[in-house]
Amino acid sequence: MGVLLNEENIYTLLFADDQVLLAEDEEDMSYMTRQLIEEYKKCGLEISEEKSQYMVVGGEGNSLNIDETTEIANVKECRYLGMTIKDDGRDEREIGYRIAKGKVLTRKLHSILWTDDISERVKKQVFKTIVMSCVTYGAEVWTLTKKLKQRLLAMEMNYWRRCCQLTLRDRVRNEVIREKMKLDRSVVDEVEEKQLQWYGHLRRMSPSRIPRKVYEWIPAERRKRGRPRTVWQQNIEEAMESRGIQQDVWRDRGRWRVECGKRPGRL
């Protein structure tokens, strides 16, 4: 039972009052859920059938039948720890959700941005503390494609354009707006820095830690036909190459943080 992670089986993940069960097939999941319900009853606890969800990753699934009276609905996506998890393992939906949140925040801040009474320094601080922190939540594990990077940059430019009291109809190039606002980093740069910092932390972890085991895990299944999709490790390698970061620098935590803070193309 559970999911075989190299030489260790992972059965469950716990965070506060949330619990996730992991299994390789429906039969094991049904059995593990029944056992969990029985153990909870011994402590006077009950599982909420309405709040519980069942997801099959990488395949089709129906509702999970626990017994003759209990059934947990199958879902295509769910929210866990503030992030959207899809049954196909992709994170485009989560990134799109974060981009949409950034746009909503920018619209709500319009009256503050479209005024000369607020200095550029304050507008930058508002972007960093309110918009950036919301948009880049969980960005450490995103897999960014070229299209997603363009969407992130478009969301960001919408903010700076309003700061300059401009609209798309004014046809002012992004480079001109960045120069006017004295910007030397983009939201994509910030995301890549977060990912590199997490990568360094991950590599320095003890081999016994679950995140490290997941990172080093190689599934036994054969790869499907067609062009392989972009993976997280590919993003890391591209970010390191663009910053001129050498391999094994992650061993030195202080130096690694300095290297991660470099702008792409600046060696």
# chains A, B, ... in the order shown; residues from 1 in each chain; ligands from 1
call {"tool": "residues_around", "arguments": {"residues": "A:Ile66", "least_positions_apart": "5", "cutoff": "7 Å", "atoms": "only C-alpha atoms", "output": "list of chain:residue names"}}
result
A:Ser30, A:Arg34, A:Glu71
call {"tool": "residues_around", "arguments": {"residues": "stretch 174-183 of chain A", "least_positions_apart": "6", "cutoff": "8 Å", "atoms": "only C-alpha atoms", "output": "ChimeraX atom specification"}}
result
/A:120,157,160-161,164
call {"tool": "atom_distance", "arguments": {"atom1": "atom CA of A:Gln165", "atom2": "atom CA of A:Ser111"}}
result
10.6 Å
call {"tool": "select_by_dssp", "arguments": {"residues": "stretch 18-146 of chain A", "states": "strand (DSSP E or B)", "output": "number ranges by chain"}}
result
A: 18-21, 54, 64-65, 71-72, 74, 77-80, 83-86
call {"tool": "residues_around", "arguments": {"residues": "A:Glu24", "least_positions_apart": "4", "cutoff": "8 Å", "atoms": "only C-alpha atoms", "output": "PyMOL selection string"}}
result
chain A and resi 1-3+28-29
call {"tool": "select_by_dssp", "arguments": {"residues": "stretch 85-195 of chain A", "states": "alpha helix (DSSP H)", "output": "JSON, numbers by chain"}}
result
{"A": [92, 93, 94, 95, 96, 97, 98, 99, 100, 101, 102, 103, 104, 105, 106, 107, 108, 110, 111, 112, 113, 120, 121, 122, 123, 124, 125, 126, 133, 134, 135, 146, 147, 148, 149, 150, 151, 152, 153, 154, 155, 156, 157, 158, 159, 160, 161, 162, 163, 174, 175, 176, 177, 178, 179, 180, 181, 187, 188, 189, 190, 191, 192, 193, 194, 195]}
call {"tool": "atom_distance", "arguments": {"atom1": "atom CA of A:Glu192", "atom2": "atom CA of A:Arg121"}}
result
23.5 Å
call {"tool": "residues_around", "arguments": {"residues": "stretch 234-238 of chain A", "least_positions_apart": "4", "cutoff": "12 Å", "atoms": "only C-alpha atoms", "output": "count of residues only"}}
result
33
call {"tool": "closest_atom_pairs", "arguments": {"of": "stretch 119-152 of chain A", "to": "stretch 99-103 of chain A", "cutoff": "8 Å", "atoms": "only C-alpha atoms", "output": "JSON lines"}}
result
{"residue": "A:Val131", "atom": "CA", "partner": "A:Gly102", "partner_atom": "CA", "distance": 5.7}
{"residue": "A:Met132", "atom": "CA", "partner": "A:Gly102", "partner_atom": "CA", "distance": 7.7}
{"residue": "A:Cys134", "atom": "CA", "partner": "A:Gly102", "partner_atom": "CA", "distance": 7.0}
{"residue": "A:Val135", "atom": "CA", "partner": "A:Gly102", "partner_atom": "CA", "distance": 5.7}
{"residue": "A:Arg151", "atom": "CA", "partner": "A:Ile99", "partner_atom": "CA", "distance": 7.5}
{"residue": "A:Leu152", "atom": "CA", "partner": "A:Ile99", "partner_atom": "CA", "distance": 6.4}
call {"tool": "closest_residue", "arguments": {"among": "A:Asp88, A:Thr70, A:Ser208, A:Gln53", "to": "A:Asp18", "atoms": "only C-alpha atoms"}}
result
A:Gln53
